[in-house]
>>> print(open('work16.pdb').read())   # PDB, C-alpha atoms
ATOM      1  CA  MET N   1       6.787  10.649  -8.316  1.00  0.00           C
ATOM      2  CA  ARG N   2       4.643   8.834 -10.862  1.00  0.00           C
ATOM      3  CA  ASP N   3       4.254  10.297 -14.300  1.00  0.00           C
ATOM      4  CA  LYS N   4       0.614  10.989 -15.185  1.00  0.00           C
ATOM      5  CA  ASN N   5       1.049   8.944 -18.359  1.00  0.00           C
ATOM      6  CA  MET N   6       2.361   5.831 -16.599  1.00  0.00           C
ATOM      7  CA  ARG N   7      -0.055   2.924 -16.717  1.00  0.00           C
ATOM      8  CA  SER N   8      -0.583   0.478 -13.943  1.00  0.00           C
ATOM      9  CA  PHE N   9      -0.745  -3.140 -15.030  1.00  0.00           C
ATOM     10  CA  SER N  10      -2.930  -5.760 -13.382  1.00  0.00           C
ATOM     11  CA  PRO N  11      -1.323  -8.824 -11.832  1.00  0.00           C
ATOM     12  CA  ASP N  12      -3.113 -10.929 -14.464  1.00  0.00           C
ATOM     13  CA  LEU N  13      -1.526  -8.993 -17.310  1.00  0.00           C
ATOM     14  CA  ILE N  14       1.895  -9.142 -15.664  1.00  0.00           C
ATOM     15  CA  SER N  15       1.507 -12.910 -15.282  1.00  0.00           C
ATOM     16  CA  LYS N  16       0.466 -13.175 -18.936  1.00  0.00           C
ATOM     17  CA  ILE N  17       3.558 -11.199 -20.005  1.00  0.00           C
ATOM     18  CA  VAL N  18       5.921 -13.406 -18.000  1.00  0.00           C
ATOM     19  CA  SER N  19       4.228 -16.630 -19.115  1.00  0.00           C
ATOM     20  CA  ALA N  20       4.355 -15.582 -22.742  1.00  0.00           C
ATOM     21  CA  TYR N  21       8.047 -14.783 -22.457  1.00  0.00           C
ATOM     22  CA  ASN N  22       8.773 -18.147 -20.834  1.00  0.00           C
ATOM     23  CA  GLU N  23       7.295 -20.012 -23.827  1.00  0.00           C
ATOM     24  CA  PRO N  24       9.956 -21.644 -26.014  1.00  0.00           C
ATOM     25  CA  GLY N  25      11.145 -19.382 -28.810  1.00  0.00           C
ATOM     26  CA  SER N  26       9.609 -16.205 -27.381  1.00  0.00           C
ATOM     27  CA  THR N  27      11.503 -12.961 -27.442  1.00  0.00           C
ATOM     28  CA  ILE N  28      10.872  -9.714 -25.643  1.00  0.00           C
ATOM     29  CA  ARG N  29       9.961  -8.087 -28.926  1.00  0.00           C
ATOM     30  CA  SER N  30       7.490 -10.811 -29.940  1.00  0.00           C
ATOM     31  CA  VAL N  31       5.782 -10.795 -26.529  1.00  0.00           C
ATOM     32  CA  ALA N  32       5.506  -7.003 -26.559  1.00  0.00           C
ATOM     33  CA  LYS N  33       3.940  -7.049 -30.011  1.00  0.00           C
ATOM     34  CA  ARG N  34       1.550  -9.910 -29.214  1.00  0.00           C
ATOM     35  CA  ILE N  35       0.292  -8.398 -25.926  1.00  0.00           C
ATOM     36  CA  GLY N  36       0.382  -4.778 -27.053  1.00  0.00           C
ATOM     37  CA  VAL N  37       2.874  -3.306 -24.594  1.00  0.00           C
ATOM     38  CA  SER N  38       6.325  -1.820 -25.037  1.00  0.00           C
ATOM     39  CA  LYS N  39       9.510  -3.881 -25.037  1.00  0.00           C
ATOM     40  CA  ASN N  40      10.586  -2.028 -21.892  1.00  0.00           C
ATOM     41  CA  ILE N  41       7.488  -3.212 -20.022  1.00  0.00           C
ATOM     42  CA  VAL N  42       8.149  -6.828 -20.983  1.00  0.00           C
ATOM     43  CA  GLN N  43      11.802  -6.510 -19.942  1.00  0.00           C
ATOM     44  CA  LYS N  44      10.807  -4.882 -16.643  1.00  0.00           C
ATOM     45  CA  TYR N  45       8.418  -7.625 -15.579  1.00  0.00           C
ATOM     46  CA  VAL N  46      10.581 -10.485 -16.833  1.00  0.00           C
ATOM     47  CA  THR N  47      13.494  -9.069 -14.817  1.00  0.00           C
ATOM     48  CA  ARG N  48      11.322  -8.647 -11.730  1.00  0.00           C
ATOM     49  CA  GLU N  49      10.140 -12.242 -12.071  1.00  0.00           C
ATOM     50  CA  ARG N  50      13.731 -13.468 -12.212  1.00  0.00           C
ATOM     51  CA  GLU N  51      14.578 -11.444  -9.098  1.00  0.00           C
ATOM     52  CA  GLY N  52      11.512 -12.692  -7.257  1.00  0.00           C
ATOM     53  CA  LEU N  53       9.661  -9.363  -7.404  1.00  0.00           C
ATOM     54  CA  THR N  54       6.690 -10.334  -9.520  1.00  0.00           C
ATOM     55  CA  ASN N  55       4.606  -7.190  -9.154  1.00  0.00           C
ATOM     56  CA  GLY N  56       7.164  -4.703  -7.869  1.00  0.00           C
ATOM     57  CA  THR N  57       5.523  -4.084  -4.501  1.00  0.00           C
ATOM     58  CA  GLU N  58       7.329  -6.691  -2.430  1.00  0.00           C
ATOM     59  CA  SER N  59      10.467  -4.622  -1.947  1.00  0.00           C
ATOM     60  CA  ARG N  60       8.516  -1.535  -0.969  1.00  0.00           C
ATOM     61  CA  GLN N  61       6.303  -3.430   1.437  1.00  0.00           C
ATOM     62  CA  SER N  62       9.229  -5.006   3.207  1.00  0.00           C
ATOM     63  CA  SER N  63      10.959  -1.674   3.650  1.00  0.00           C
ATOM     64  CA  LYS N  64       7.806  -0.161   5.138  1.00  0.00           C
ATOM     65  CA  SER N  65       7.301  -2.947   7.632  1.00  0.00           C
ATOM     66  CA  ILE N  66      10.914  -3.637   8.576  1.00  0.00           C
ATOM     67  CA  LEU N  67      10.578  -1.721  11.879  1.00  0.00           C
ATOM     68  CA  LYS N  68       6.934  -2.519  12.557  1.00  0.00           C
ATOM     69  CA  SER N  69       7.788  -5.365  14.925  1.00  0.00           C
ATOM     70  CA  HIS N  70      10.117  -3.047  16.881  1.00  0.00           C
ATOM     71  CA  THR N  71       7.617  -0.241  17.556  1.00  0.00           C
ATOM     72  CA  VAL N  72       7.655  -0.702  21.346  1.00  0.00           C
ATOM     73  CA  LEU N  73      11.451  -0.687  21.441  1.00  0.00           C
ATOM     74  CA  LEU N  74      11.643   2.387  19.215  1.00  0.00           C
ATOM     75  CA  ARG N  75       9.087   4.292  21.276  1.00  0.00           C
ATOM     76  CA  LYS N  76      10.995   3.473  24.471  1.00  0.00           C
ATOM     77  CA  MET N  77      14.296   4.425  22.854  1.00  0.00           C
ATOM     78  CA  PHE N  78      12.944   7.790  21.659  1.00  0.00           C
ATOM     79  CA  GLN N  79      11.461   8.568  25.099  1.00  0.00           C
ATOM     80  CA  GLU N  80      14.504   7.555  27.145  1.00  0.00           C
ATOM     81  CA  GLN N  81      17.064   9.184  24.857  1.00  0.00           C
ATOM     82  CA  PRO N  82      15.302  12.121  23.167  1.00  0.00           C
ATOM     83  CA  ASN N  83      18.462  14.027  22.219  1.00  0.00           C
ATOM     84  CA  GLU N  84      20.261  11.302  20.265  1.00  0.00           C
ATOM     85  CA  THR N  85      20.959  11.626  16.562  1.00  0.00           C
ATOM     86  CA  LEU N  86      19.250   9.405  14.020  1.00  0.00           C
ATOM     87  CA  ALA N  87      22.593   7.747  13.360  1.00  0.00           C
ATOM     88  CA  ARG N  88      22.920   6.902  17.052  1.00  0.00           C
ATOM     89  CA  TYR N  89      19.364   5.507  17.110  1.00  0.00           C
ATOM     90  CA  CYS N  90      20.351   3.252  14.199  1.00  0.00           C
ATOM     91  CA  GLU N  91      23.383   2.040  16.170  1.00  0.00           C
ATOM     92  CA  ILE N  92      21.338   1.400  19.316  1.00  0.00           C
ATOM     93  CA  LEU N  93      18.738  -0.553  17.338  1.00  0.00           C
ATOM     94  CA  GLU N  94      21.449  -2.663  15.737  1.00  0.00           C
ATOM     95  CA  GLU N  95      23.062  -3.342  19.143  1.00  0.00           C
ATOM     96  CA  LYS N  96      19.752  -4.432  20.667  1.00  0.00           C
ATOM     97  CA  THR N  97      18.206  -6.341  17.760  1.00  0.00           C
ATOM     98  CA  GLY N  98      20.928  -6.991  15.181  1.00  0.00           C
ATOM     99  CA  LEU N  99      18.800  -5.135  12.630  1.00  0.00           C
ATOM    100  CA  GLU N 100      20.742  -2.618  10.563  1.00  0.00           C
ATOM    101  CA  VAL N 101      18.665   0.239   9.132  1.00  0.00           C
ATOM    102  CA  SER N 102      19.535   3.412   7.280  1.00  0.00           C
ATOM    103  CA  ILE N 103      19.174   6.905   8.696  1.00  0.00           C
ATOM    104  CA  PRO N 104      16.240   7.711   6.352  1.00  0.00           C
ATOM    105  CA  THR N 105      14.456   4.550   7.531  1.00  0.00           C
ATOM    106  CA  MET N 106      14.940   5.573  11.146  1.00  0.00           C
ATOM    107  CA  CYS N 107      13.708   9.081  10.308  1.00  0.00           C
ATOM    108  CA  ARG N 108      10.502   7.656   8.791  1.00  0.00           C
ATOM    109  CA  ALA N 109       9.968   5.463  11.846  1.00  0.00           C
ATOM    110  CA  ALA N 110      10.423   8.433  14.194  1.00  0.00           C
ATOM    111  CA  SER N 111       8.066  10.558  12.123  1.00  0.00           C
ATOM    112  CA  GLU N 112       5.432   7.816  12.040  1.00  0.00           C
ATOM    113  CA  LEU N 113       5.578   7.338  15.804  1.00  0.00           C
ATOM    114  CA  LYS N 114       5.348  11.093  16.323  1.00  0.00           C
ATOM    115  CA  SER N 115       2.319  11.399  14.019  1.00  0.00           C
ATOM    116  CA  ARG N 116       0.575   8.490  15.772  1.00  0.00           C
ATOM    117  CA  LYS N 117       1.164  10.171  19.119  1.00  0.00           C
ATOM    118  CA  SER N 118      -0.286  13.493  17.960  1.00  0.00           C
ATOM    119  CA  ARG N 119      -3.308  11.733  16.414  1.00  0.00           C
ATOM    120  CA  SER N 120      -4.044   9.880  19.644  1.00  0.00           C
ATOM    121  CA  LYS N 121      -3.810  13.112  21.659  1.00  0.00           C
ATOM    122  CA  LYS N 122      -6.300  14.764  19.318  1.00  0.00           C
ATOM    123  CA  LEU N 123      -8.722  11.870  19.740  1.00  0.00           C
ATOM    124  CA  LYS N 124      -8.588  12.001  23.562  1.00  0.00           C
ATOM    125  CA  ILE N 125      -9.554  15.675  23.730  1.00  0.00           C
TER     126      ILE N 125
END
>>> encode(input="work16.pdb", output="structure tokens")
Amino acid sequence: MRDKNMRSFSPDLISKIVSAYNEPGSTIRSVAKRIGVSKNIVQKYVTREREGLTNGTESRQSSKSILKSHTVLLRKMFQEQPNETLARYCEILEEKTGLEVSIPTMCRAASELKSRKSRSKKLKI
């Protein structure tokens, strides 16, 4: 959960922080002072840049969409085998697609498919 006092930084500011740090002779402390943010913020975005996560949303987006291309398979799997455990669904998915997912990921996928189904039923009435 986000703290009410946490600020959200624009992509432009994040880019400015990383660029300033990459200048020769720059330190985290000097960049933080020059831009007016904390040292922790500079460290956070410099680290994310090194890891290829420039704005911090890439990892979350990929985890949300990892099963999106398998929606038809998941729906069929849930309908044909309604009494399986989430762990078994994960195994079946891996056997059929080679994609290994965690139990919480499978739970979110099942919940999302269930909520879509109930929404479509409501619309048809």
>>> resolve_selection(input="work16.pdb", expression="the PyMOL selection byres ((chain N and resi 75-80) around 9)", output="ChimeraX atom specification")
/N:70-74,81-84,89,92-93,110,113
>>> closest_residue(input="work16.pdb", among="N:Ser69, N:Ser102, N:Gln43, N:Thr97", to="Ile14 in chain N", atoms="all atoms listed in the file")
N:Gln43
>>> closest_residue(input="work16.pdb", among="N:Glu95, N:Pro24, N:Arg88, N:Phe9", to="Val37 in chain N", atoms="only C-alpha atoms")
N:Phe9
>>> atom_distance(input="work16.pdb", atom1="CA of Ile35 in chain N", atom2="CA of Glu51 in chain N")
22.3 Å
>>> residues_around(input="work16.pdb", residues="Lys44 in chain N", least_positions_apart="3", cutoff="12 Å", atoms="all atoms listed in the file", output="list in words")
Phe9, Ile14, Ile17, Val18, Tyr21, Ile28, Ala32, Val37, Ser38, Lys39, Asn40, Ile41, Thr47, Arg48, Glu49, Arg50, Glu51, Leu53, Thr54, Asn55 and Gly56 of chain N
>>> atom_distance(input="work16.pdb", atom1="CA of Ser10 in chain N", atom2="CA of Ile66 in chain N")
26.0 Å
>>> atom_distance(input="work16.pdb", atom1="CA of Lys96 in chain N", atom2="CA of Glu112 in chain N")
20.7 Å
